[in-house]
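J.: My file is run_21.cif. It has mmCIF, C-alpha atoms and all ligand atoms:
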data_my_file
loop_
_atom_site.label_atom_id
_atom_site.label_comp_id
_atom_site.auth_asym_id
_atom_site.auth_seq_id
_atom_site.Cartn_x
_atom_site.Cartn_y
_atom_site.Cartn_z
CA MET A 1 0.00 0.00 0.00
CA THR A 2 1.25 3.50 -0.79
CA ARG A 3 1.67 5.63 2.30
CA VAL A 4 0.71 9.30 1.83
CA VAL A 5 1.70 11.68 4.61
CA VAL A 6 -0.11 15.03 4.70
CA ALA A 7 2.12 17.51 6.54
CA GLY A 8 -0.16 20.15 8.08
CA LEU A 9 -3.92 19.55 8.39
CA GLY A 10 -5.27 23.07 7.87
CA ASP A 11 -7.73 24.01 5.14
CA SER A 12 -5.71 22.67 2.20
CA GLY A 13 -4.16 19.62 3.87
CA LEU A 14 -7.52 18.46 5.18
CA LEU A 15 -9.25 18.93 1.82
CA THR A 16 -6.40 17.14 0.04
CA ALA A 17 -6.80 14.15 2.39
CA ILE A 18 -10.55 14.11 1.68
CA GLN A 19 -9.93 14.26 -2.08
CA LEU A 20 -7.38 11.45 -1.84
CA VAL A 21 -9.96 9.23 -0.13
CA ARG A 22 -12.40 10.07 -2.94
CA ALA A 23 -9.82 9.37 -5.65
CA ASP A 24 -8.30 6.11 -4.37
CA ARG A 25 -9.39 4.13 -1.33
CA ASP A 26 -6.26 1.97 -1.32
CA LEU A 27 -3.91 4.63 0.01
CA GLU A 28 -2.66 4.56 3.59
CA LEU A 29 -3.22 8.11 4.81
CA VAL A 30 -1.38 9.78 7.68
CA GLY A 31 -1.99 13.41 8.68
CA ILE A 32 0.44 15.31 10.90
CA SER A 33 -0.99 18.34 12.64
CA SER A 34 0.28 20.70 15.31
CA LYS A 35 -3.38 21.43 16.14
CA PRO A 36 -5.75 18.82 17.55
CA ALA A 37 -8.54 19.82 15.12
CA LEU A 38 -9.05 21.85 11.96
CA VAL A 39 -8.34 25.42 13.05
CA SER A 40 -9.15 27.13 9.80
CA GLY A 41 -7.25 30.13 8.48
CA GLN A 42 -10.49 31.51 7.08
CA GLU A 43 -12.78 34.34 8.24
CA LEU A 44 -10.68 36.26 10.77
CA GLY A 45 -13.39 38.91 11.16
CA ILE A 46 -16.08 36.45 12.24
CA ARG A 47 -13.58 34.63 14.46
CA LEU A 48 -12.82 37.82 16.40
CA ALA A 49 -16.33 39.24 16.46
CA ARG A 50 -18.54 36.12 16.80
CA PRO A 51 -16.34 33.27 18.03
CA ASP A 52 -19.31 30.96 18.71
CA ASP A 53 -20.43 31.24 15.08
CA TRP A 54 -16.88 30.82 13.80
CA ARG A 55 -16.15 27.68 15.75
CA ARG A 56 -19.24 25.97 14.33
CA ASP A 57 -17.74 25.94 10.82
CA TYR A 58 -14.03 26.56 11.26
CA LEU A 59 -12.96 24.70 14.40
CA VAL A 60 -13.84 21.06 13.72
CA GLY A 61 -12.43 17.87 15.25
CA PHE A 62 -10.77 15.65 12.64
CA ASP A 63 -12.83 12.65 13.80
CA ARG A 64 -16.02 14.41 12.69
CA TYR A 65 -15.18 14.22 8.97
CA ARG A 66 -17.00 11.19 7.56
CA ARG A 67 -14.55 10.77 4.69
CA LEU A 68 -11.55 10.63 6.99
CA GLN A 69 -12.37 7.45 8.87
CA GLY A 70 -9.18 5.83 7.57
CA LEU A 71 -6.91 8.80 8.24
CA ARG A 72 -4.37 8.28 11.03
CA VAL A 73 -3.88 11.68 12.66
CA VAL A 74 -0.63 12.36 14.50
CA HIS A 75 -0.75 15.35 16.86
CA GLY A 76 2.77 16.68 16.47
CA SER A 77 5.06 19.25 14.97
CA LEU A 78 7.20 18.57 11.90
CA THR A 79 10.84 19.42 12.50
CA GLY A 80 12.68 17.95 9.52
CA LEU A 81 12.60 16.07 6.23
CA ASP A 82 15.18 13.51 5.08
CA PRO A 83 14.79 12.88 1.33
CA ASP A 84 17.27 9.97 1.38
CA THR A 85 15.31 7.87 3.88
CA LYS A 86 11.98 9.43 2.79
CA THR A 87 11.01 10.30 6.35
CA VAL A 88 9.78 13.37 8.19
CA ALA A 89 10.78 14.06 11.79
CA VAL A 90 7.92 14.74 14.22
CA ASN A 91 7.92 16.14 17.78
CA ARG A 92 5.05 14.88 19.90
CA PRO A 93 3.35 16.96 22.63
CA ASP A 94 5.02 14.78 25.32
CA GLY A 95 8.45 15.93 24.09
CA THR A 96 9.38 12.66 22.35
CA SER A 97 10.13 12.55 18.63
CA TYR A 98 10.06 9.95 15.88
CA ASP A 99 10.50 9.58 12.11
CA GLU A 100 7.42 8.99 9.96
CA PRO A 101 8.14 7.29 6.61
CA TYR A 102 6.37 8.37 3.42
CA ASP A 103 6.03 7.27 -0.18
CA VAL A 104 4.18 10.48 -1.03
CA LEU A 105 4.42 13.68 1.04
CA VAL A 106 2.01 16.62 0.79
CA VAL A 107 3.48 19.82 2.25
CA SER A 108 0.60 21.99 3.48
CA THR A 109 1.93 23.72 6.58
CA GLY A 110 0.55 27.12 5.59
CA VAL A 111 1.83 30.44 6.89
CA SER A 112 2.07 32.24 10.22
CA ASN A 113 0.13 35.49 10.42
CA GLY A 114 -0.60 37.38 13.62
CA PHE A 115 -1.95 35.67 16.73
CA TRP A 116 -4.64 33.89 14.73
CA ARG A 117 -2.31 31.71 12.64
CA ARG A 118 0.50 30.31 14.71
CA PRO A 119 2.21 27.07 13.72
CA GLY A 120 3.10 25.77 17.20
CA LEU A 121 1.72 22.74 19.03
CA GLU A 122 -1.51 23.49 20.87
CA THR A 123 -4.04 21.48 22.87
CA ALA A 124 -7.78 21.82 22.29
CA ASP A 125 -8.05 23.92 25.47
CA GLU A 126 -5.32 26.29 24.31
CA VAL A 127 -7.01 26.78 20.93
CA GLU A 128 -10.34 27.59 22.65
CA GLN A 129 -8.69 29.87 25.17
CA GLY A 130 -6.92 31.85 22.43
CA LEU A 131 -10.13 32.19 20.45
CA TYR A 132 -12.13 33.70 23.31
CA ALA A 133 -9.26 35.75 24.79
CA ALA A 134 -8.88 37.70 21.54
CA HIS A 135 -12.63 38.32 21.35
CA GLU A 136 -12.82 39.49 24.96
CA ARG A 137 -9.84 41.80 24.56
CA LEU A 138 -11.54 43.52 21.61
CA ALA A 139 -15.03 43.46 23.16
CA SER A 140 -13.73 45.39 26.18
CA ALA A 141 -12.27 48.20 24.02
CA SER A 142 -14.11 51.49 23.34
CA THR A 143 -11.90 52.31 20.36
CA ILE A 144 -10.41 49.72 18.00
CA ALA A 145 -7.83 50.48 15.32
CA VAL A 146 -7.53 47.84 12.62
CA VAL A 147 -4.24 48.35 10.77
CA GLY A 148 -4.03 46.83 7.29
CA GLY A 149 -5.85 46.92 3.98
CA GLY A 150 -6.24 43.27 2.98
CA ALA A 151 -9.23 40.99 3.38
CA ALA A 152 -8.32 40.02 6.97
CA ALA A 153 -8.24 43.67 8.07
CA VAL A 154 -11.38 44.72 6.18
CA SER A 155 -13.32 41.70 7.39
CA SER A 156 -12.22 42.37 10.97
CA ALA A 157 -13.27 46.04 10.85
CA HIS A 158 -16.65 45.11 9.35
CA ASN A 159 -17.47 42.25 11.70
CA LEU A 160 -16.22 44.02 14.83
CA ALA A 161 -18.26 47.13 14.02
CA ARG A 162 -21.36 44.98 13.59
CA ALA A 163 -20.86 42.90 16.70
CA LEU A 164 -19.70 45.77 18.95
CA PRO A 165 -21.93 48.73 18.08
CA ASP A 166 -20.72 50.76 21.07
CA ALA A 167 -17.08 50.61 19.95
CA GLN A 168 -15.57 53.11 17.52
CA VAL A 169 -13.78 51.07 14.87
CA GLY A 170 -11.21 52.59 12.49
CA LEU A 171 -9.52 50.99 9.48
CA TRP A 172 -6.08 52.39 8.60
CA PHE A 173 -4.17 51.41 5.46
CA PRO A 174 -1.41 52.87 3.26
CA GLY A 175 -2.99 52.82 -0.23
CA GLU A 176 -5.74 54.90 -1.79
CA ARG A 177 -8.07 51.99 -1.38
CA ALA A 178 -8.18 48.78 0.63
CA LEU A 179 -8.38 45.30 -0.96
CA PRO A 180 -5.71 46.18 -3.57
CA THR A 181 -5.50 42.65 -4.97
CA HIS A 182 -9.29 42.39 -5.49
CA HIS A 183 -11.10 44.04 -8.38
CA GLY A 184 -11.76 47.74 -7.68
CA LYS A 185 -15.54 47.15 -7.59
CA VAL A 186 -15.13 44.99 -4.50
CA TRP A 187 -13.71 47.82 -2.40
CA ALA A 188 -16.35 50.20 -3.78
CA HIS A 189 -19.04 47.93 -2.37
CA VAL A 190 -17.37 46.82 0.85
CA GLY A 191 -16.19 50.39 1.59
CA ASP A 192 -19.82 51.61 1.39
CA ALA A 193 -20.86 48.90 3.82
CA LEU A 194 -18.12 49.98 6.26
CA ALA A 195 -19.30 53.60 6.04
CA GLU A 196 -22.87 52.50 6.82
CA LEU A 197 -21.59 50.70 9.90
CA GLY A 198 -19.82 53.87 11.05
CA VAL A 199 -16.29 52.51 10.54
CA GLU A 200 -13.84 55.39 10.09
CA VAL A 201 -11.78 54.65 6.99
CA HIS A 202 -8.28 56.18 6.83
CA PRO A 203 -6.45 55.67 3.51
CA GLY A 204 -2.87 56.90 3.06
CA HIS A 205 -1.69 55.83 6.54
CA ARG A 206 1.38 53.62 6.70
CA ALA A 207 1.99 52.45 10.25
CA VAL A 208 5.43 52.55 11.81
CA VAL A 209 6.26 49.07 13.04
CA PRO A 210 9.11 49.39 15.55
CA ASP A 211 11.89 46.79 15.26
CA GLY A 212 11.30 43.74 17.40
CA PHE A 213 7.67 44.72 17.87
CA ASP A 214 5.40 41.73 18.45
CA LEU A 215 2.67 41.87 15.83
CA ASP A 216 1.32 38.61 17.19
CA GLU A 217 -0.53 40.43 19.98
CA ILE A 218 -3.42 42.85 20.13
CA THR A 219 -1.67 45.98 21.39
CA ALA A 220 -2.84 49.34 22.76
CA GLY A 221 -2.37 52.67 20.92
CA PRO A 222 -0.94 55.04 19.95
CA VAL A 223 -0.03 53.99 16.41
CA ALA A 224 2.52 56.24 14.65
CA TRP A 225 2.47 56.82 10.88
CA SER A 226 5.47 57.11 8.58
CA THR A 227 3.20 59.04 6.21
CA GLY A 228 3.30 62.08 8.50
CA GLN A 229 -0.12 62.16 10.20
CA GLU A 230 -0.67 62.55 13.95
CA PRO A 231 -0.50 59.24 15.88
CA ALA A 232 -3.82 57.45 16.38
CA GLU A 233 -5.02 56.50 19.84
CA ALA A 234 -6.94 53.27 20.40
CA ASP A 235 -7.71 50.96 23.31
CA ALA A 236 -6.99 47.97 21.07
CA VAL A 237 -4.89 47.77 17.93
CA LEU A 238 -5.32 44.80 15.60
CA TRP A 239 -2.31 44.39 13.32
CA ALA A 240 -3.34 42.71 10.07
CA ILE A 241 -0.62 44.05 7.80
CA GLY A 242 -0.09 40.87 5.85
CA ARG A 243 3.32 39.97 7.20
CA VAL A 244 2.88 36.30 6.49
CA ARG A 245 5.79 33.97 7.19
CA PRO A 246 5.86 30.54 5.55
CA ASN A 247 5.94 27.58 7.94
CA THR A 248 8.90 25.99 6.18
CA ASP A 249 11.72 25.95 8.72
CA TRP A 250 11.46 22.14 8.79
CA LEU A 251 12.23 21.85 5.05
CA PRO A 252 15.58 21.88 3.22
CA ALA A 253 16.46 25.40 2.02
CA SER A 254 17.09 24.00 -1.48
CA VAL A 255 13.34 23.57 -2.12
CA LEU A 256 12.36 27.11 -1.04
CA ASP A 257 12.11 30.24 -3.16
CA GLU A 258 13.81 33.50 -2.17
CA HIS A 259 10.94 34.37 0.21
CA GLY A 260 10.99 31.00 1.97
CA PHE A 261 7.89 29.51 0.30
CA VAL A 262 8.00 26.06 -1.32
CA ALA A 263 8.90 26.31 -5.01
CA VAL A 264 6.47 24.09 -6.94
CA GLY A 265 5.78 23.29 -10.56
CA ARG A 266 2.39 23.99 -12.13
CA ASP A 267 1.57 20.32 -11.45
CA LEU A 268 2.25 20.99 -7.70
CA ARG A 269 5.30 18.71 -7.56
CA VAL A 270 8.32 19.97 -5.61
CA PRO A 271 11.27 19.79 -8.02
CA GLY A 272 14.27 17.93 -6.64
CA LEU A 273 12.29 15.98 -4.03
CA PRO A 274 10.74 12.85 -5.57
CA GLY A 275 7.30 12.04 -4.14
CA VAL A 276 6.90 15.48 -2.52
CA TRP A 277 4.10 17.91 -3.44
CA ALA A 278 2.94 21.23 -1.97
CA VAL A 279 -0.36 23.09 -1.78
CA GLY A 280 -2.02 25.97 0.09
CA ASP A 281 -0.53 29.21 1.39
CA VAL A 282 2.92 27.65 1.79
CA ALA A 283 3.21 26.84 -1.94
CA ALA A 284 4.60 29.41 -4.39
CA THR A 285 2.14 28.41 -7.11
CA ASP A 286 1.32 31.91 -8.44
CA PRO A 287 1.90 35.55 -7.42
CA LEU A 288 -1.02 35.49 -4.94
CA ARG A 289 -0.22 31.96 -3.72
CA SER A 290 -3.89 31.25 -4.22
CA SER A 291 -3.99 27.46 -4.41
CA ALA A 292 -6.07 27.15 -1.20
CA ARG A 293 -8.77 29.55 -2.37
CA ASN A 294 -8.66 28.13 -5.91
CA ARG A 295 -9.18 24.59 -4.56
CA ALA A 296 -5.98 23.04 -5.89
CA ASP A 297 -6.51 20.18 -3.42
CA LYS A 298 -8.66 18.47 -6.05
CA LEU A 299 -5.99 18.75 -8.72
CA LEU A 300 -3.30 17.64 -6.28
CA ALA A 301 -5.15 14.44 -5.29
CA ARG A 302 -5.81 13.72 -8.95
CA ASN A 303 -2.15 14.28 -9.87
CA ILE A 304 -0.87 12.12 -7.01
CA VAL A 305 -3.10 9.23 -8.07
CA ALA A 306 -2.20 9.76 -11.76
CA ASP A 307 1.51 9.87 -10.94
CA LEU A 308 1.30 6.60 -9.01
CA ALA A 309 -0.42 5.04 -12.05
CA GLY A 310 2.16 6.49 -14.48
CA LYS A 311 -0.45 8.72 -16.11
CA PRO A 312 0.04 12.35 -17.27
CA LEU A 313 -0.38 15.21 -14.78
CA LYS A 314 -2.47 18.35 -15.11
CA ASP A 315 -1.50 21.95 -14.36
CA PHE A 316 -2.92 24.28 -11.70
CA ARG A 317 -4.89 27.23 -13.11
CA PHE A 318 -5.41 30.33 -11.05
CA ALA A 319 -7.24 33.64 -11.07
CA LYS A 320 -5.07 36.75 -11.28
CA ARG A 321 -7.17 38.61 -8.70
CA ARG A 322 -8.34 37.58 -5.27
CA TRP A 323 -11.95 36.47 -5.10
CA GLY A 324 -14.45 34.91 -2.70
CA SER A 325 -16.25 36.37 0.26
CA VAL A 326 -14.65 39.28 2.15
CA VAL A 327 -16.75 39.71 5.29
CA GLY A 328 -18.25 36.19 5.46
CA VAL A 329 -21.80 35.10 6.23
CA GLN A 330 -23.97 37.81 7.80
CA PRO A 331 -27.58 37.56 9.02
CA GLU A 332 -28.83 38.97 5.69
CA GLY A 333 -26.68 36.62 3.59
CA VAL A 334 -23.24 36.40 2.03
CA ASP A 335 -21.62 38.24 -0.88
CA ILE A 336 -19.18 36.33 -3.09
CA TYR A 337 -17.03 38.51 -5.36
CA LEU A 338 -15.74 37.01 -8.60
CA PRO A 339 -12.31 37.97 -10.04
CA SER A 340 -14.22 40.25 -12.46
CA GLY A 341 -15.57 42.20 -9.47
CA GLN A 342 -19.10 40.85 -10.03
CA ARG A 343 -20.98 40.29 -6.78
CA LEU A 344 -23.14 37.22 -6.17
CA ARG A 345 -25.50 37.62 -3.23
CA PHE A 346 -26.82 34.54 -1.44
CA PRO A 347 -29.51 35.89 0.86
CA GLY A 348 -30.33 34.88 4.46
CA TRP A 349 -31.25 31.23 4.77
CA THR A 350 -29.65 30.24 1.45
CA ALA A 351 -26.27 31.32 2.80
CA ARG A 352 -26.67 29.20 5.90
CA VAL A 353 -28.56 26.20 4.55
CA VAL A 354 -27.42 25.98 0.92
CA MET A 355 -23.87 27.32 1.10
CA GLN A 356 -22.70 26.22 4.52
CA ASP A 357 -24.76 23.14 5.37
CA LEU A 358 -25.24 21.65 1.91
CA ILE A 359 -22.37 22.84 -0.27
CA ALA A 360 -19.59 23.23 2.30
CA ARG A 361 -20.40 20.46 4.77
CA ARG A 362 -21.77 17.81 2.42
CA VAL A 363 -20.27 18.53 -1.01
CA ILE A 364 -16.87 20.02 -0.19
CA TYR A 365 -16.11 18.04 3.00
CA GLY A 366 -18.19 14.93 2.22
CA GLY A 367 -20.22 15.11 5.45
CA ILE A 368 -19.39 16.30 8.96
CA ARG A 369 -20.83 14.62 12.07
CA LYS A 370 -22.48 16.70 14.79
CA PRO A 371 -20.10 17.38 17.71
C1 LIG A 401 -12.80 26.06 0.81
C2 LIG A 401 -11.98 27.34 0.96
C3 LIG A 401 -12.61 28.56 0.84
C4 LIG A 401 -11.87 29.74 0.96
N1 LIG A 401 -12.52 30.93 0.83
C5 LIG A 401 -11.83 32.08 0.88
C6 LIG A 401 -12.51 33.31 0.66
O1 LIG A 401 -13.70 33.37 0.42
N2 LIG A 401 -11.78 34.46 0.70
C7 LIG A 401 -10.43 34.42 0.95
O2 LIG A 401 -9.80 35.48 0.99
N3 LIG A 401 -9.77 33.24 1.17
C8 LIG A 401 -10.43 32.08 1.13
N4 LIG A 401 -9.77 30.88 1.32
C9 LIG A 401 -8.31 30.89 1.56
C10 LIG A 401 -7.96 30.79 3.03
O3 LIG A 401 -8.23 31.98 3.68
C11 LIG A 401 -6.46 30.45 3.25
O4 LIG A 401 -5.76 30.62 2.06
C12 LIG A 401 -6.36 29.00 3.75
O5 LIG A 401 -6.88 28.97 5.04
C13 LIG A 401 -4.92 28.47 3.75
O6 LIG A 401 -4.93 27.09 3.99
P1 LIG A 401 -3.59 26.28 4.26
O7 LIG A 401 -3.98 24.85 4.44
O8 LIG A 401 -2.56 26.60 3.26
O9 LIG A 401 -3.02 26.86 5.64
P2 LIG A 401 -3.58 26.65 7.13
O10 LIG A 401 -5.06 26.49 7.12
O11 LIG A 401 -2.96 27.70 7.96
O12 LIG A 401 -2.99 25.20 7.53
C14 LIG A 401 -1.67 24.95 7.87
C15 LIG A 401 -1.67 23.99 9.04
O13 LIG A 401 -0.38 23.45 9.24
C16 LIG A 401 -0.03 23.54 10.62
N5 LIG A 401 1.42 23.56 10.75
C17 LIG A 401 2.25 24.59 10.48
N6 LIG A 401 3.53 24.23 10.73
C18 LIG A 401 3.50 22.94 11.16
C19 LIG A 401 4.48 22.00 11.56
N7 LIG A 401 5.79 22.30 11.57
N8 LIG A 401 4.09 20.76 11.93
C20 LIG A 401 2.77 20.41 11.92
N9 LIG A 401 1.77 21.27 11.54
C21 LIG A 401 2.14 22.51 11.16
C22 LIG A 401 -0.71 24.82 11.06
O14 LIG A 401 -0.84 24.90 12.46
C23 LIG A 401 -2.06 24.70 10.35
O15 LIG A 401 -2.92 23.87 11.09
C24 LIG A 401 -10.48 29.69 1.21
C25 LIG A 401 -9.85 28.44 1.35
C26 LIG A 401 -10.58 27.27 1.23
C27 LIG A 401 -9.87 25.94 1.36
#
Can the structure from this file be put into structure tokens for me?

T.:
Amino acid sequence: MTRVVVAGLGDSGLLTAIQLVRADRDLELVGISSKPALVSGQELGIRLARPDDWRRDYLVGFDRYRRLQGLRVVHGSLTGLDPDTKTVAVNRPDGTSYDEPYDVLVVSTGVSNGFWRRPGLETADEVEQGLYAAHERLASASTIAVVGGGAAAVSSAHNLARALPDAQVGLWFPGERALPTHHGKVWAHVGDALAELGVEVHPGHRAVVPDGFDLDEITAGPVAWSTGQEPAEADAVLWAIGRVRPNTDWLPASVLDEHGFVAVGRDLRVPGLPGVWAVGDVAATDPLRSSARNRADKLLARNIVADLAGKPLKDFRFAKRRWGSVVGVQPEGVDIYLPSGQRLRFPGWTARVVMQDLIARRVIYGGIRKP
């Protein structure tokens, strides 16, 4: 039996494992995860503003996925890869370590970004504690400054303003508009929604980030600006300035690009490491590293199975602009923005029942048991 090790069970690793089960039931699947459950990298705004809602869809025990009955999950942290013996080194929570052999290895260890995406080992209690501590810190603030102009920052400003109507929320970013890698129409629409919620929008502000400053915490103001404006005061400052760091310190430097991400071919193979593939935010597939959003897990599972059968591989195709939802599911529905900037609105119950319960839970994940 071919042993496939999935290194990192976040959004892309988990979906790749599910797709592998769909594609070929004769694989022996092992997943290595520093978290005891799926702790999704999606929907930061909802996570901070409505943690109970977020955990329903984005914090899910691995044993609840119907398709993953045969997956052996190892709770541990990857610390090395030996291509000669085809093994990865794993540290367990009890401090012991061991080598896990692979025939096929999927690298899907994602990126670190702020306090909400940390790669380290955590117990279920620690994950829960971190989730609610961040919410409580923000909920106790009268003024919140969200620094950053990407989807994580915009979604946080929107969802916090909705959930905490007594707080004054400001969004501060360096460009003329936020969401610079989305189509311009997306910011036009989302910016209007922020204004309706009373969020103060401050373009043209580039924050000074002092050396050694820990962006992995919610800090208190003031925030200074290198663009010359007066410092901004805030009880809580959420840093979402997109300083992502690839979780690749366990991999040989020879397989990384100049920014530390895994260099992959269009077929998602890692050149120079036979049997090794990469997907998700860690993989340098395209300028936006969009293989998670663009569901390359399906292609990857297909290519792995084709490769094992000696059949030709297919190439990953990607959109040049970011797309998807920005602020997530709201009581009135969810907006999905296409790369063209077109907005698709799924109102109220359709967002919850059709998109989340039917499409996400049953179609994408192949069924999730109740907790
Ligand atoms: C179905 C879907 C829908 C999406 N929709 C949107 C959208 O609408 N809008 C949008 O902007 N984006 C969207 N995205 C993209 C998404 O926000 C991120 O790109 C995605 O969460 C990245 O997934 P990942 O698996 O690469 O990383 P992660 O989910 O971060 O997973 C990496 C995992 O590896 C673990 N890990 C790290 N280092 C180690 C180690 N050394 N040892 C063991 N484990 C380790 C981490 O703790 C984590 O659990 C979507 C993604 C998916 C899959």

J.: For the atom pair CA of Gly76 (chain A) and CA of Asp125 (chain A), what is the interatomic distance in Å to one decimal place?

T.: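 Rounded to one decimal, the two atoms are 15.8 Å apart.
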
J.: May I ask for the distance between CA of Gly170 (chain A) and CA of Ala134 (chain A), given in Å to one decimal place?

T.: 17.6 Å

J.: Would you mind listing what lies within 12 Å of Leu81 (chain A) as a VMD selection string, with only C-alpha atoms counted and same-chain residues fewer than 3 positions away left out?

T.: chain A and resid 5 7 77 to 78 84 to 90 98 to 102 105 to 107 248 to 255 273 276

J.: Do you have the CA of Arg343 (chain A)-CA of Leu15 (chain A) distance handy?

T.: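 About the pair CA of Arg343 (chain A) and CA of Leu15 (chain A): they are 25.8 Å apart.
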
J.: Mind dumping a table of every region 317-342 of chain A residue within 8 Å of region 179-190 of chain A, with the nearest atom pair and its distance in Å to one decimal, using all atoms listed in the file, sorted by chain and rising number, as CSV?

T.:
residue,atom,partner,partner_atom,distance
A:Arg321,CA,A:His182,CA,5.4
A:Arg322,CA,A:His182,CA,4.9
A:Trp323,CA,A:His182,CA,6.5
A:Tyr337,CA,A:Val186,CA,6.8
A:Pro339,CA,A:His183,CA,6.4
A:Ser340,CA,A:His183,CA,6.4
A:Gly341,CA,A:His183,CA,5.0
A:Gln342,CA,A:Lys185,CA,7.6

J.: Write out, as a PDB file, in the coordinates of the input, the residues just selected, with C-alpha atoms.

T.:
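That gives us part.pdb:
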ATOM      1  CA  ARG A 321      -7.170  38.610  -8.700  1.00  0.00           C
ATOM      2  CA  ARG A 322      -8.340  37.580  -5.270  1.00  0.00           C
ATOM      3  CA  TRP A 323     -11.950  36.470  -5.100  1.00  0.00           C
ATOM      4  CA  TYR A 337     -17.030  38.510  -5.360  1.00  0.00           C
ATOM      5  CA  PRO A 339     -12.310  37.970 -10.040  1.00  0.00           C
ATOM      6  CA  SER A 340     -14.220  40.250 -12.460  1.00  0.00           C
ATOM      7  CA  GLY A 341     -15.570  42.200  -9.470  1.00  0.00           C
ATOM      8  CA  GLN A 342     -19.100  40.850 -10.030  1.00  0.00           C
TER       9      GLN A 342
END

J.: What would region 290-304 of chain A look like with N, CA and C atoms restored, written as an mmCIF file, in the coordinates of the input?

T.:
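Final output, saved to selection-v4.cif:
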data_model
loop_
_atom_site.group_PDB
_atom_site.id
_atom_site.type_symbol
_atom_site.label_atom_id
_atom_site.label_comp_id
_atom_site.auth_asym_id
_atom_site.auth_seq_id
_atom_site.Cartn_x
_atom_site.Cartn_y
_atom_site.Cartn_z
ATOM 1 N N SER A 290 -2.434 31.376 -4.419
ATOM 2 C CA SER A 290 -3.890 31.250 -4.220
ATOM 3 C C SER A 290 -4.389 29.811 -4.313
ATOM 4 N N SER A 291 -3.522 28.829 -4.148
ATOM 5 C CA SER A 291 -3.990 27.460 -4.410
ATOM 6 C C SER A 291 -5.022 26.985 -3.383
ATOM 7 N N ALA A 292 -5.034 27.551 -2.176
ATOM 8 C CA ALA A 292 -6.070 27.150 -1.200
ATOM 9 C C ALA A 292 -7.424 27.643 -1.686
ATOM 10 N N ARG A 293 -7.511 28.947 -1.924
ATOM 11 C CA ARG A 293 -8.770 29.550 -2.370
ATOM 12 C C ARG A 293 -9.248 28.942 -3.695
ATOM 13 N N ASN A 294 -8.295 28.653 -4.594
ATOM 14 C CA ASN A 294 -8.660 28.130 -5.910
ATOM 15 C C ASN A 294 -8.783 26.602 -5.922
ATOM 16 N N ARG A 295 -8.883 26.018 -4.733
ATOM 17 C CA ARG A 295 -9.180 24.590 -4.560
ATOM 18 C C ARG A 295 -8.248 23.664 -5.332
ATOM 19 N N ALA A 296 -6.946 23.910 -5.220
ATOM 20 C CA ALA A 296 -5.980 23.040 -5.890
ATOM 21 C C ALA A 296 -5.879 21.671 -5.228
ATOM 22 N N ASP A 297 -6.527 21.499 -4.065
ATOM 23 C CA ASP A 297 -6.510 20.180 -3.420
ATOM 24 C C ASP A 297 -7.056 19.092 -4.336
ATOM 25 N N LYS A 298 -8.067 19.459 -5.134
ATOM 26 C CA LYS A 298 -8.660 18.470 -6.050
ATOM 27 C C LYS A 298 -7.654 18.042 -7.093
ATOM 28 N N LEU A 299 -6.998 19.029 -7.690
ATOM 29 C CA LEU A 299 -5.990 18.750 -8.720
ATOM 30 C C LEU A 299 -4.833 17.950 -8.120
ATOM 31 N N LEU A 300 -4.441 18.314 -6.909
ATOM 32 C CA LEU A 300 -3.300 17.640 -6.280
ATOM 33 C C LEU A 300 -3.616 16.151 -6.068
ATOM 34 N N ALA A 301 -4.793 15.856 -5.514
ATOM 35 C CA ALA A 301 -5.150 14.440 -5.290
ATOM 36 C C ALA A 301 -5.184 13.702 -6.629
ATOM 37 N N ARG A 302 -5.747 14.341 -7.627
ATOM 38 C CA ARG A 302 -5.810 13.720 -8.950
ATOM 39 C C ARG A 302 -4.407 13.456 -9.484
ATOM 40 N N ASN A 303 -3.511 14.440 -9.351
ATOM 41 C CA ASN A 303 -2.150 14.280 -9.870
ATOM 42 C C ASN A 303 -1.373 13.215 -9.103
ATOM 43 N N ILE A 304 -1.572 13.146 -7.791
ATOM 44 C CA ILE A 304 -0.870 12.120 -7.010
ATOM 45 C C ILE A 304 -1.285 10.726 -7.481
#
